[in-house]
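Chemist: The structure under discussion is supplied below as structure tokens; questions concerning it will follow.
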Amino acid sequence: MESVPRRIKTVRPMAAAGKILAYAALGLFTLVTVYPLAWLFINSFKTTNEFQMNMLGLPVDWTVDNYVGAWKIGEFDRLIGNSLLYTIGATIGITVFSLQAGFAFAKIKSKATPLIYGSLILGILLTIQSLMVPLFLEVTILDKLLGDLLRSIGLYGGREFKLFHNTRFGVLLIYIGSALPVGIYLSTAFIKGIPDAIIEAAQIDGAGYYRIFWSIILRMSAPIAVTMCILNIPGLWNEFALINILVSDAGLKSLPLGIFKFSGSLSSDYGKQFAALVIGMFPMLAFYVAFRKQITAGVAAGAMKG
Amino acid sequence: MIRRNRKGAEGRRAYRSMVLPPFLIYIFVTAFPIALAVILSLSNYNGGKMFGGEPWKIVGFEQYGKLFADPYFWNALRNNIYIVLISVFGQLPLGFLLAYLIYRKIVKFGGFWQGILYVPAIISVIVIGIMWSIIFSPYGPIADAVNRVYSSAYSAKVSALLRSPGGEGVTDELVDGIIDISGSTVGDIFSDPRADLKDFLQSYEPEDLPMLKEDLVNLFAHKWNADFLSKPGVAMIPILFVTLWCWTGVYLIIFHANMQKIDTQIIDAARIDGATEMQVMGRIVLPSLSGTLLNAAILCISGSLSGFALILAMTGGGPARVTQVLSIYMYDTAFMGAANYPLANAIAMMIVLFSLVLILITFGVEKAFGGKE
């Protein structure tokens, strides 16, 4: 009985030092994470003049002029509209296509499955960004070829034929394609876990595969569908490298492209730049606050691709 | 028999219509561009007849030869390797360590720390890149804070000197004193420091003393030119720092979630038998996470290859191209100045190859040292 408390006594100081060190480490990380963002937010309420005089303190006069100015220069309503369209459209596309393919791979027997599924899964290892130049050439060449073809048979008389490059369709197609490998991998694994008996019972009742997919599988796959949406939305919303080469029309640009403009010609107007950066990060921060649990769970599944 | 046949046909039809559309889209964004990159990297394509250029043909491995002879290629590759190294040997261990502290309840409020540290990963890297480029710039807050310290130190010294003569009599002693505390900057501004500085000091009226002090501080106080991002030798360091800053939280969350799956009885038993926290971490937690570590490493590598947007926003690949990674090198080759599509496609092939090599190494390491999961 005597020896137990004594052992604890000798261990304690070490453990306490460890604890302090642990708190210090996490505290430091948290400070380094939060401080720059808080600094950015606070400075977005200073005029550029005040920022140059007073970089670290609170604003003397809080002003929202930066936001008004940045919003107008950046045309953020259009950027956010486009970003919403790309994000929602691609998310729906990714989810539906992934679940359909996952259902076919998991529940319909076919000799083609190993080859097709295998080549799709290989895509998980590929960073589509590394293909941005060939992708750009692909979309521009295809548009040109298709335009010339349609013109030669008299079906198209316009100046420049656009299907893949500088179109919303092209952006959506490439966004969907780049997220399919992970999506199909997740859905196939999930749908494999749905008992065959459910599908067989539906077949005996006369339901075809399509009917089974839309009325049974889709509903039962809700958890994995939610995971896929949650995982894809931030990545799609923040995507820059691909849309940067796919779109040059101002009317089609997304939020990250619009923000990037503030790093070049407008970089000396710090006030507006800060406001633009805050506008740029606000939607995803709100999304994070709203869905933190689901995002954390989804990321934890190890499925998120950088 | 008939019924089964009908079912088989229905199954084939359903399979085709469910698998083909996504598969074709996938081919459109991966296989097709890769094939295009292979062909064009071996060609002299620069628009071709279609876009009003010269007809093009296959010329062989010419571009690859040019690429390997280009010092900027090796520079970009080296930067990519730096980013991979900071990702694999920075983000992963730090994420693991922090996850362990939270998992073992060595610190309280685990959810809070996790929630905060993940925030950078959810924000656009364009926003993050621009933000940090301001913070690290010579006009940014770091330089500002440091220079404020320098100014106030100098201002204190000047005040001490100016107090004794009271501002009216500019003695040689005062001039020498100011030259003394100002270092080389006086010599940079005045050609004949002692005489010119004396004239300068005499040009102020006694009641202008505060103004004189301020002017002296502005002129002579030591200024630190915070050229993190404009000095070739060090410009990669802020980029590596931000890479670490941005993604460590992701691995913290991945590791923490997978630690939850470990049977706590094993850890409790080990603790009772006298194992230290370090032993628990090294002998129990680390081996049971080896599969997760492999996945995380792959994620990490493919993520670090896409440093494109961050670097574009932070430095644009500058100064003098020293912070280029392969993707920026490729982008510049294709879209900046005179377009060289064959070379850009050769770079694309090298990036694909590079990532494959890295992933094979990762699998190899896992096979050699991996534990059981």
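Each chain in the structure tokens gets a letter, A, B and so on, in the order shown; residues start at 1 in every chain, and ligands are counted from 1 in the order they appear.
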Could you tell me which residues of chain B sit within 7 Å of chain A when counting only C-alpha atoms, and give me the result as a CSV table (one decimal) with N, CA, C and O atoms, in the first residue's frame?

Modeler:
```
chain,number,residue,atom,x,y,z
B,11,GLY,N,-29.3,-6.4,-67.5
B,11,GLY,CA,-28.2,-6.1,-66.7
B,11,GLY,C,-27.1,-5.5,-67.5
B,11,GLY,O,-26.5,-4.5,-67.1
B,14,ALA,N,-28.0,-2.0,-68.4
B,14,ALA,CA,-27.9,-1.1,-67.3
B,14,ALA,C,-26.5,-0.8,-66.9
B,14,ALA,O,-26.1,0.3,-66.7
B,15,TYR,N,-25.7,-1.9,-67.0
B,15,TYR,CA,-24.2,-1.7,-66.7
B,15,TYR,C,-23.6,-0.7,-67.6
B,15,TYR,O,-22.9,0.2,-67.2
B,18,MET,N,-24.8,2.9,-67.0
B,18,MET,CA,-24.3,3.4,-65.7
B,18,MET,C,-22.8,3.6,-65.6
B,18,MET,O,-22.3,4.5,-64.9
B,19,VAL,N,-22.1,2.8,-66.3
B,19,VAL,CA,-20.6,2.8,-66.2
B,19,VAL,C,-20.0,3.7,-67.3
B,19,VAL,O,-19.1,4.5,-67.0
B,22,PRO,N,-19.6,8.0,-66.8
B,22,PRO,CA,-18.5,8.4,-65.9
B,22,PRO,C,-17.2,8.0,-66.4
B,22,PRO,O,-16.2,8.7,-66.4
B,25,ILE,N,-16.1,10.4,-69.2
B,25,ILE,CA,-15.6,11.7,-68.6
B,25,ILE,C,-14.2,11.5,-68.0
B,25,ILE,O,-13.4,12.3,-68.2
B,26,TYR,N,-14.0,10.4,-67.4
B,26,TYR,CA,-12.7,10.1,-66.8
B,26,TYR,C,-11.6,10.0,-67.8
B,26,TYR,O,-10.6,10.6,-67.7
B,29,VAL,N,-10.7,13.5,-69.1
B,29,VAL,CA,-9.8,14.3,-68.2
B,29,VAL,C,-8.5,13.7,-67.9
B,29,VAL,O,-7.6,14.4,-67.3
B,33,PRO,N,-5.7,13.4,-72.1
B,33,PRO,CA,-4.7,14.4,-71.9
B,33,PRO,C,-3.3,13.7,-71.8
B,33,PRO,O,-2.3,14.3,-72.3
B,36,LEU,N,-2.3,12.8,-75.2
B,36,LEU,CA,-1.9,14.0,-75.9
B,36,LEU,C,-0.6,14.5,-75.5
B,36,LEU,O,0.2,15.0,-76.3
B,37,ALA,N,-0.3,14.5,-74.2
B,37,ALA,CA,0.9,15.0,-73.7
B,37,ALA,C,2.1,14.2,-74.2
B,37,ALA,O,3.2,14.7,-74.6
B,101,LEU,N,-1.2,13.7,-28.6
B,101,LEU,CA,-1.4,14.5,-27.4
B,101,LEU,C,-2.9,14.5,-27.1
B,101,LEU,O,-3.4,14.4,-26.0
B,106,ILE,N,-3.6,13.9,-23.1
B,106,ILE,CA,-2.5,14.7,-22.4
B,106,ILE,C,-2.9,16.1,-22.3
B,106,ILE,O,-2.6,16.8,-21.4
B,107,VAL,N,-3.7,16.6,-23.3
B,107,VAL,CA,-4.2,17.9,-23.3
B,107,VAL,C,-5.8,17.8,-23.3
B,107,VAL,O,-6.3,16.9,-23.9
B,116,ILE,N,-9.7,24.2,-34.7
B,116,ILE,CA,-9.0,25.4,-35.1
B,116,ILE,C,-7.9,25.0,-36.1
B,116,ILE,O,-7.7,25.6,-37.1
B,117,LEU,N,-7.1,23.9,-35.8
B,117,LEU,CA,-6.0,23.6,-36.7
B,117,LEU,C,-6.4,23.2,-38.1
B,117,LEU,O,-5.6,23.2,-39.0
B,122,ILE,N,-9.3,24.6,-45.1
B,122,ILE,CA,-10.7,24.8,-45.7
B,122,ILE,C,-10.7,26.1,-46.6
B,122,ILE,O,-11.5,26.4,-47.4
B,123,ILE,N,-9.7,27.0,-46.3
B,123,ILE,CA,-9.6,28.3,-47.0
B,123,ILE,C,-8.9,28.1,-48.3
B,123,ILE,O,-7.9,27.4,-48.4
B,124,SER,N,-9.3,28.9,-49.3
B,124,SER,CA,-8.7,28.9,-50.6
B,124,SER,C,-7.2,29.2,-50.5
B,124,SER,O,-6.8,30.1,-49.8
B,126,ILE,N,-5.4,30.5,-52.6
B,126,ILE,CA,-5.1,31.8,-53.2
B,126,ILE,C,-5.2,32.8,-52.1
B,126,ILE,O,-4.3,33.7,-52.0
B,127,VAL,N,-6.2,32.8,-51.3
B,127,VAL,CA,-6.4,33.7,-50.1
B,127,VAL,C,-5.2,33.6,-49.2
B,127,VAL,O,-4.5,34.6,-48.8
B,130,ILE,N,-1.9,34.9,-50.8
B,130,ILE,CA,-1.8,36.4,-50.9
B,130,ILE,C,-1.6,36.9,-49.4
B,130,ILE,O,-0.7,37.8,-49.2
B,141,PRO,N,3.7,43.3,-41.9
B,141,PRO,CA,3.7,43.5,-40.4
B,141,PRO,C,5.0,42.9,-39.7
B,141,PRO,O,5.4,43.5,-38.7
B,253,ILE,N,-6.3,15.4,-38.0
B,253,ILE,CA,-7.6,14.8,-38.0
B,253,ILE,C,-7.6,13.4,-38.4
B,253,ILE,O,-8.2,12.5,-37.8
B,254,ILE,N,-6.9,13.1,-39.5
B,254,ILE,CA,-6.9,11.7,-40.0
B,254,ILE,C,-6.3,10.8,-39.0
B,254,ILE,O,-6.8,9.7,-38.7
B,257,ALA,N,-8.6,10.3,-35.8
B,257,ALA,CA,-9.7,9.5,-36.0
B,257,ALA,C,-9.3,8.0,-36.1
B,257,ALA,O,-10.0,7.1,-35.6
B,299,LEU,N,-1.5,10.7,-49.9
B,299,LEU,CA,-2.3,11.9,-50.0
B,299,LEU,C,-1.4,13.1,-50.0
B,299,LEU,O,-1.6,14.1,-50.7
B,302,SER,N,0.6,13.5,-53.3
B,302,SER,CA,-0.2,14.1,-54.4
B,302,SER,C,-0.6,15.5,-54.1
B,302,SER,O,-0.7,16.3,-55.0
B,303,GLY,N,-0.8,15.8,-52.8
B,303,GLY,CA,-1.2,17.1,-52.4
B,303,GLY,C,0.0,18.1,-52.7
B,303,GLY,O,-0.2,19.2,-53.2
B,306,SER,N,0.6,19.6,-56.0
B,306,SER,CA,-0.4,20.6,-56.5
B,306,SER,C,-0.1,21.9,-55.7
B,306,SER,O,-1.1,22.7,-55.5
B,308,PHE,N,0.7,24.4,-56.9
B,308,PHE,CA,0.7,25.4,-57.9
B,308,PHE,C,0.0,26.7,-57.5
B,308,PHE,O,0.7,27.8,-57.5
B,309,ALA,N,-1.2,26.7,-57.0
B,309,ALA,CA,-1.9,27.9,-56.7
B,309,ALA,C,-1.3,28.7,-55.6
B,309,ALA,O,-1.2,29.9,-55.6
B,313,ALA,N,0.3,32.4,-56.0
B,313,ALA,CA,-0.3,33.6,-55.2
B,313,ALA,C,0.8,34.2,-54.4
B,313,ALA,O,0.8,35.4,-54.1
B,327,SER,N,5.0,22.4,-61.7
B,327,SER,CA,3.7,22.8,-62.3
B,327,SER,C,3.8,24.3,-62.8
B,327,SER,O,3.2,24.7,-63.8
B,334,ALA,N,4.0,27.2,-71.1
B,334,ALA,CA,2.9,27.1,-72.0
B,334,ALA,C,2.2,28.4,-72.2
B,334,ALA,O,1.7,28.7,-73.3
B,344,ALA,N,6.3,22.1,-72.7
B,344,ALA,CA,5.3,22.1,-71.5
B,344,ALA,C,4.8,20.7,-71.4
B,344,ALA,O,4.6,20.2,-70.2
B,345,ASN,N,4.5,20.0,-72.5
B,345,ASN,CA,3.9,18.6,-72.4
B,345,ASN,C,5.0,17.7,-71.8
B,345,ASN,O,4.7,16.7,-71.1
B,348,ALA,N,4.8,18.1,-68.2
B,348,ALA,CA,3.7,17.4,-67.7
B,348,ALA,C,4.0,15.9,-67.5
B,348,ALA,O,3.7,15.3,-66.5
B,351,ILE,N,6.1,15.4,-64.5
B,351,ILE,CA,5.4,15.5,-63.2
B,351,ILE,C,4.7,14.2,-62.9
B,351,ILE,O,4.7,13.6,-61.8
B,352,VAL,N,4.0,13.6,-64.0
B,352,VAL,CA,3.3,12.3,-63.8
B,352,VAL,C,4.3,11.3,-63.4
B,352,VAL,O,4.1,10.5,-62.4
```

Chemist: I'd like the contact shell of stretch 170-175 of chain B - 9 Å cut-off, only C-alpha atoms, skipping same-chain residues fewer than 4 positions apart - returned as a list in words.

Modeler: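 Once the adjacent positions are removed, what remains is Leu161, Leu162, Pro165, Ile179, Asp180, Pro193, Arg194, Ala195, Leu197, Lys198, Leu201 and Gln202 of chain B.
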
Chemist: Next, dump the selected residues to file, keeping only all heavy atoms, as an mmCIF file, in the first residue's frame.

Modeler:
```cif
data_model
loop_
_atom_site.group_PDB
_atom_site.id
_atom_site.type_symbol
_atom_site.label_atom_id
_atom_site.label_comp_id
_atom_site.auth_asym_id
_atom_site.auth_seq_id
_atom_site.Cartn_x
_atom_site.Cartn_y
_atom_site.Cartn_z
ATOM 1 N N LEU B 161 21.146 61.751 -26.174
ATOM 2 C CA LEU B 161 22.178 62.682 -26.660
ATOM 3 C C LEU B 161 21.666 64.112 -26.735
ATOM 4 O O LEU B 161 22.349 65.057 -26.357
ATOM 5 C CB LEU B 161 22.650 62.247 -28.056
ATOM 6 C CG LEU B 161 23.593 61.049 -28.120
ATOM 7 C CD1 LEU B 161 23.835 60.665 -29.563
ATOM 8 C CD2 LEU B 161 24.896 61.360 -27.410
ATOM 9 N N LEU B 162 20.438 64.248 -27.234
ATOM 10 C CA LEU B 162 19.917 65.595 -27.467
ATOM 11 C C LEU B 162 19.528 66.304 -26.178
ATOM 12 O O LEU B 162 19.434 67.525 -26.140
ATOM 13 C CB LEU B 162 18.701 65.542 -28.399
ATOM 14 C CG LEU B 162 19.021 65.303 -29.878
ATOM 15 C CD1 LEU B 162 17.742 65.169 -30.669
ATOM 16 C CD2 LEU B 162 19.865 66.437 -30.437
ATOM 17 N N PRO B 165 22.608 68.950 -24.632
ATOM 18 C CA PRO B 165 22.810 70.303 -25.145
ATOM 19 C C PRO B 165 21.498 71.062 -25.291
ATOM 20 O O PRO B 165 21.528 72.257 -25.598
ATOM 21 C CB PRO B 165 23.461 70.085 -26.506
ATOM 22 C CG PRO B 165 23.015 68.754 -26.928
ATOM 23 C CD PRO B 165 22.699 67.970 -25.705
ATOM 24 N N ILE B 179 26.781 60.217 -35.036
ATOM 25 C CA ILE B 179 27.477 59.357 -36.011
ATOM 26 C C ILE B 179 27.747 57.994 -35.384
ATOM 27 O O ILE B 179 27.558 56.951 -36.002
ATOM 28 C CB ILE B 179 28.789 60.016 -36.476
ATOM 29 C CG1 ILE B 179 28.468 61.230 -37.351
ATOM 30 C CG2 ILE B 179 29.654 59.021 -37.256
ATOM 31 C CD1 ILE B 179 29.673 62.017 -37.792
ATOM 32 N N ASP B 180 28.131 58.039 -34.126
ATOM 33 C CA ASP B 180 28.457 56.815 -33.406
ATOM 34 C C ASP B 180 27.275 55.852 -33.332
ATOM 35 O O ASP B 180 27.410 54.661 -33.609
ATOM 36 C CB ASP B 180 28.927 57.208 -31.995
ATOM 37 C CG ASP B 180 29.725 56.088 -31.377
ATOM 38 O OD1 ASP B 180 30.486 55.446 -32.132
ATOM 39 O OD2 ASP B 180 29.584 55.868 -30.149
ATOM 40 N N PRO B 193 30.251 63.212 -43.627
ATOM 41 C CA PRO B 193 29.313 63.039 -42.508
ATOM 42 C C PRO B 193 29.403 64.136 -41.431
ATOM 43 O O PRO B 193 28.379 64.735 -41.097
ATOM 44 C CB PRO B 193 29.690 61.684 -41.937
ATOM 45 C CG PRO B 193 30.306 60.950 -43.067
ATOM 46 C CD PRO B 193 30.985 61.987 -43.920
ATOM 47 N N ARG B 194 30.601 64.441 -40.951
ATOM 48 C CA ARG B 194 30.697 65.326 -39.780
ATOM 49 C C ARG B 194 30.216 66.732 -40.103
ATOM 50 O O ARG B 194 29.371 67.296 -39.408
ATOM 51 C CB ARG B 194 32.133 65.350 -39.268
ATOM 52 C CG ARG B 194 32.550 63.961 -38.771
ATOM 53 C CD ARG B 194 33.758 64.010 -37.914
ATOM 54 N NE ARG B 194 33.547 64.820 -36.736
ATOM 55 C CZ ARG B 194 34.527 65.162 -35.912
ATOM 56 N NH1 ARG B 194 35.751 64.779 -36.166
ATOM 57 N NH2 ARG B 194 34.273 65.878 -34.839
ATOM 58 N N ALA B 195 30.715 67.297 -41.205
ATOM 59 C CA ALA B 195 30.342 68.662 -41.556
ATOM 60 C C ALA B 195 28.876 68.744 -41.960
ATOM 61 O O ALA B 195 28.116 69.609 -41.502
ATOM 62 C CB ALA B 195 31.228 69.148 -42.687
ATOM 63 N N LEU B 197 26.394 66.676 -41.330
ATOM 64 C CA LEU B 197 25.473 66.400 -40.238
ATOM 65 C C LEU B 197 25.352 67.612 -39.323
ATOM 66 O O LEU B 197 24.257 67.947 -38.846
ATOM 67 C CB LEU B 197 25.934 65.164 -39.454
ATOM 68 C CG LEU B 197 25.014 64.719 -38.315
ATOM 69 C CD1 LEU B 197 23.628 64.356 -38.859
ATOM 70 C CD2 LEU B 197 25.593 63.531 -37.572
ATOM 71 N N LYS B 198 26.465 68.293 -39.143
ATOM 72 C CA LYS B 198 26.447 69.492 -38.287
ATOM 73 C C LYS B 198 25.529 70.550 -38.896
ATOM 74 O O LYS B 198 24.663 71.114 -38.219
ATOM 75 C CB LYS B 198 27.869 70.045 -38.138
ATOM 76 C CG LYS B 198 28.007 70.986 -36.956
ATOM 77 C CD LYS B 198 29.473 71.229 -36.649
ATOM 78 C CE LYS B 198 29.611 72.137 -35.462
ATOM 79 N NZ LYS B 198 31.007 72.334 -35.090
ATOM 80 N N LEU B 201 21.968 69.488 -38.435
ATOM 81 C CA LEU B 201 21.445 69.673 -37.076
ATOM 82 C C LEU B 201 21.188 71.159 -36.800
ATOM 83 O O LEU B 201 20.234 71.528 -36.114
ATOM 84 C CB LEU B 201 22.431 69.108 -36.045
ATOM 85 C CG LEU B 201 22.586 67.591 -36.045
ATOM 86 C CD1 LEU B 201 23.704 67.175 -35.101
ATOM 87 C CD2 LEU B 201 21.287 66.907 -35.656
ATOM 88 N N GLN B 202 22.075 72.015 -37.363
ATOM 89 C CA GLN B 202 21.921 73.451 -37.101
ATOM 90 C C GLN B 202 20.706 74.035 -37.813
ATOM 91 O O GLN B 202 20.213 75.098 -37.463
ATOM 92 C CB GLN B 202 23.192 74.193 -37.521
ATOM 93 C CG GLN B 202 24.226 74.165 -36.418
ATOM 94 C CD GLN B 202 25.610 74.526 -36.897
ATOM 95 O OE1 GLN B 202 25.887 74.513 -38.104
ATOM 96 N NE2 GLN B 202 26.477 74.857 -35.981
#
```

Chemist: Tell me, as a tab-separated table (two decimals) with N, CA, C and O atoms, in the first residue's frame, which residues lie within 10 Å of A:Gly251, counting only C-alpha atoms; anything in the same chain fewer than 2 positions away does not count.

Modeler:
```
chain	number	residue	atom	x	y	z
A	75	GLU	N	-16.43	42.52	-58.69
A	75	GLU	CA	-17.69	41.97	-59.21
A	75	GLU	C	-18.00	40.64	-58.53
A	75	GLU	O	-18.23	39.61	-59.17
A	78	ARG	N	-21.11	38.27	-59.28
A	78	ARG	CA	-21.01	37.35	-60.40
A	78	ARG	C	-20.08	36.18	-60.07
A	78	ARG	O	-20.37	35.03	-60.38
A	79	LEU	N	-18.94	36.50	-59.43
A	79	LEU	CA	-17.98	35.44	-59.09
A	79	LEU	C	-18.62	34.40	-58.18
A	79	LEU	O	-18.47	33.19	-58.38
A	82	ASN	N	-21.11	32.26	-60.06
A	82	ASN	CA	-20.43	31.23	-60.85
A	82	ASN	C	-19.89	30.12	-59.96
A	82	ASN	O	-20.03	28.93	-60.27
A	166	ASN	N	-13.80	27.80	-72.24
A	166	ASN	CA	-14.59	29.01	-71.97
A	166	ASN	C	-16.08	28.74	-71.93
A	166	ASN	O	-16.88	29.55	-72.38
A	167	THR	N	-16.46	27.58	-71.40
A	167	THR	CA	-17.89	27.31	-71.18
A	167	THR	C	-18.06	26.72	-69.79
A	167	THR	O	-17.14	26.11	-69.24
A	247	VAL	N	-10.95	28.85	-68.42
A	247	VAL	CA	-11.87	29.98	-68.56
A	247	VAL	C	-11.07	31.27	-68.67
A	247	VAL	O	-10.16	31.50	-67.87
A	248	SER	N	-11.35	32.07	-69.69
A	248	SER	CA	-10.74	33.40	-69.71
A	248	SER	C	-11.79	34.50	-69.80
A	248	SER	O	-11.49	35.65	-69.53
A	249	ASP	N	-13.04	34.14	-70.13
A	249	ASP	CA	-14.13	35.13	-70.13
A	249	ASP	C	-14.40	35.60	-68.72
A	249	ASP	O	-14.59	34.78	-67.83
A	253	LYS	N	-15.76	33.52	-64.66
A	253	LYS	CA	-14.75	33.27	-63.64
A	253	LYS	C	-15.35	32.93	-62.28
A	253	LYS	O	-16.46	33.34	-61.97
A	254	SER	N	-14.57	32.18	-61.51
A	254	SER	CA	-15.04	31.78	-60.18
A	254	SER	C	-14.36	32.65	-59.12
A	254	SER	O	-13.47	33.44	-59.43
```

Chemist: I'd like the neighbourhood of B:Ser290 as a PyMOL selection string, where a residue qualifies if any of its atoms comes within 12 Å (using only C-alpha atoms), though same-chain residues fewer than 3 positions away should be ignored.

Modeler: chain B and resi 96+255+258-259+282-287+293-297+362-363+365-373

Chemist: Using atom CA of B:Tyr82 and atom CA of B:Ile142 as the two end points, give the distance in Å to one decimal.

Modeler: 24.4 Å

Chemist: To test your reading of the structure, identify every residue in stretch 174-339 of chain B that backbone DSSP assigns to alpha helix (DSSP H), and report it as an MDAnalysis selection string.

Modeler: chainID B and resid 174:182 185:189 193:202 209:220 236:259 264:272 277:279 286:288 290:304 308:314 326:335

Chemist: Keeping only C-alpha atoms, take the residues you just selected and write them out as a short mmCIF file (atom, residue, chain, number, x, y, z; two decimals), in the first residue's frame.

Modeler:
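Writing done, so here's selection29.cif:
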```
data_model
loop_
_atom_site.label_atom_id
_atom_site.label_comp_id
_atom_site.auth_asym_id
_atom_site.auth_seq_id
_atom_site.Cartn_x
_atom_site.Cartn_y
_atom_site.Cartn_z
CA LEU B 174 26.81 65.69 -30.29
CA VAL B 175 27.66 65.17 -33.95
CA ASP B 176 30.15 62.46 -33.07
CA GLY B 177 27.61 60.87 -30.77
CA ILE B 178 24.98 60.70 -33.50
CA ILE B 179 27.48 59.36 -36.01
CA ASP B 180 28.46 56.82 -33.41
CA ILE B 181 24.95 55.47 -32.79
CA SER B 182 23.91 55.63 -36.43
CA THR B 185 23.89 54.95 -42.56
CA VAL B 186 25.24 58.48 -42.02
CA GLY B 187 28.02 57.82 -44.47
CA ASP B 188 25.47 56.54 -46.99
CA ILE B 189 23.46 59.76 -46.81
CA PRO B 193 29.31 63.04 -42.51
CA ARG B 194 30.70 65.33 -39.78
CA ALA B 195 30.34 68.66 -41.56
CA ASP B 196 27.08 67.83 -43.34
CA LEU B 197 25.47 66.40 -40.24
CA LYS B 198 26.45 69.49 -38.29
CA ASP B 199 24.80 71.72 -40.91
CA PHE B 200 21.79 69.47 -40.85
CA LEU B 201 21.44 69.67 -37.08
CA GLN B 202 21.92 73.45 -37.10
CA LEU B 209 13.40 69.30 -31.17
CA PRO B 210 10.65 66.62 -31.46
CA MET B 211 10.67 67.03 -35.23
CA LEU B 212 14.43 66.72 -35.32
CA LYS B 213 14.27 63.54 -33.30
CA GLU B 214 11.69 62.07 -35.62
CA ASP B 215 13.69 63.01 -38.70
CA LEU B 216 16.85 61.53 -37.25
CA VAL B 217 15.02 58.30 -36.52
CA ASN B 218 13.60 58.17 -40.04
CA LEU B 219 16.98 58.88 -41.59
CA PHE B 220 19.41 56.92 -39.50
CA MET B 236 11.51 28.98 -50.65
CA ILE B 237 11.50 29.04 -46.85
CA PRO B 238 8.25 31.02 -46.44
CA ILE B 239 6.61 28.78 -49.02
CA LEU B 240 7.66 25.68 -47.10
CA PHE B 241 6.46 27.25 -43.88
CA VAL B 242 3.04 28.03 -45.33
CA THR B 243 2.81 24.51 -46.76
CA LEU B 244 3.36 23.18 -43.28
CA TRP B 245 0.98 25.73 -41.77
CA CYS B 246 -1.77 24.89 -44.19
CA TRP B 247 -2.01 21.14 -44.13
CA THR B 248 -0.78 19.83 -40.77
CA GLY B 249 -4.33 20.00 -39.37
CA VAL B 250 -5.60 17.62 -42.03
CA TYR B 251 -3.22 14.90 -40.88
CA LEU B 252 -3.98 15.64 -37.25
CA ILE B 253 -7.62 14.82 -37.97
CA ILE B 254 -6.85 11.73 -40.04
CA PHE B 255 -4.51 10.30 -37.43
CA HIS B 256 -6.72 11.16 -34.48
CA ALA B 257 -9.74 9.47 -36.03
CA ASN B 258 -7.77 6.33 -36.76
CA MET B 259 -6.28 6.27 -33.27
CA THR B 264 -7.64 0.91 -25.51
CA GLN B 265 -7.22 -2.18 -23.35
CA ILE B 266 -3.83 -2.83 -24.92
CA ILE B 267 -2.68 0.68 -24.05
CA ASP B 268 -4.09 0.48 -20.51
CA ALA B 269 -2.36 -2.85 -19.97
CA ALA B 270 0.93 -1.48 -21.23
CA ARG B 271 0.63 1.55 -18.98
CA ILE B 272 -0.05 -0.64 -15.96
CA GLU B 277 3.91 7.46 -23.07
CA MET B 278 6.79 7.43 -25.54
CA GLN B 279 6.80 3.62 -25.52
CA LEU B 286 2.51 3.95 -34.43
CA PRO B 287 2.53 0.32 -35.67
CA SER B 288 -1.24 0.06 -35.60
CA SER B 290 0.95 2.03 -40.45
CA GLY B 291 -1.79 1.62 -43.07
CA THR B 292 -3.17 5.04 -42.28
CA LEU B 293 0.33 6.47 -42.50
CA LEU B 294 0.75 4.97 -45.96
CA ASN B 295 -2.53 6.50 -47.16
CA ALA B 296 -1.63 9.79 -45.58
CA ALA B 297 1.77 9.76 -47.24
CA ILE B 298 0.21 9.16 -50.65
CA LEU B 299 -2.31 11.92 -49.99
CA CYS B 300 0.54 14.11 -48.86
CA ILE B 301 2.61 13.50 -51.97
CA SER B 302 -0.19 14.07 -54.44
CA GLY B 303 -1.18 17.15 -52.45
CA SER B 304 2.33 18.54 -52.44
CA PHE B 308 0.68 25.42 -57.93
CA ALA B 309 -1.93 27.89 -56.70
CA LEU B 310 -0.18 28.63 -53.41
CA ILE B 311 3.13 29.48 -55.05
CA LEU B 312 1.48 31.41 -57.85
CA ALA B 313 -0.26 33.55 -55.24
CA MET B 314 2.77 33.92 -52.97
CA LEU B 326 7.38 21.84 -61.90
CA SER B 327 3.74 22.84 -62.35
CA ILE B 328 4.59 26.55 -62.43
CA TYR B 329 7.52 25.89 -64.74
CA MET B 330 5.10 24.06 -67.02
CA TYR B 331 2.50 26.81 -66.80
CA ASP B 332 5.03 29.52 -67.64
CA THR B 333 6.39 27.48 -70.54
CA ALA B 334 2.92 27.09 -72.02
CA PHE B 335 1.21 30.36 -71.22
#
```

Chemist: So which one's closest to B:Asp144, A:Asp77, A:Val226, A:Gly57, A:Tyr35? Using only C-alpha atoms, please.

Modeler: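 Looking at the shortest contact to B:Asp144, the residue is A:Gly57.
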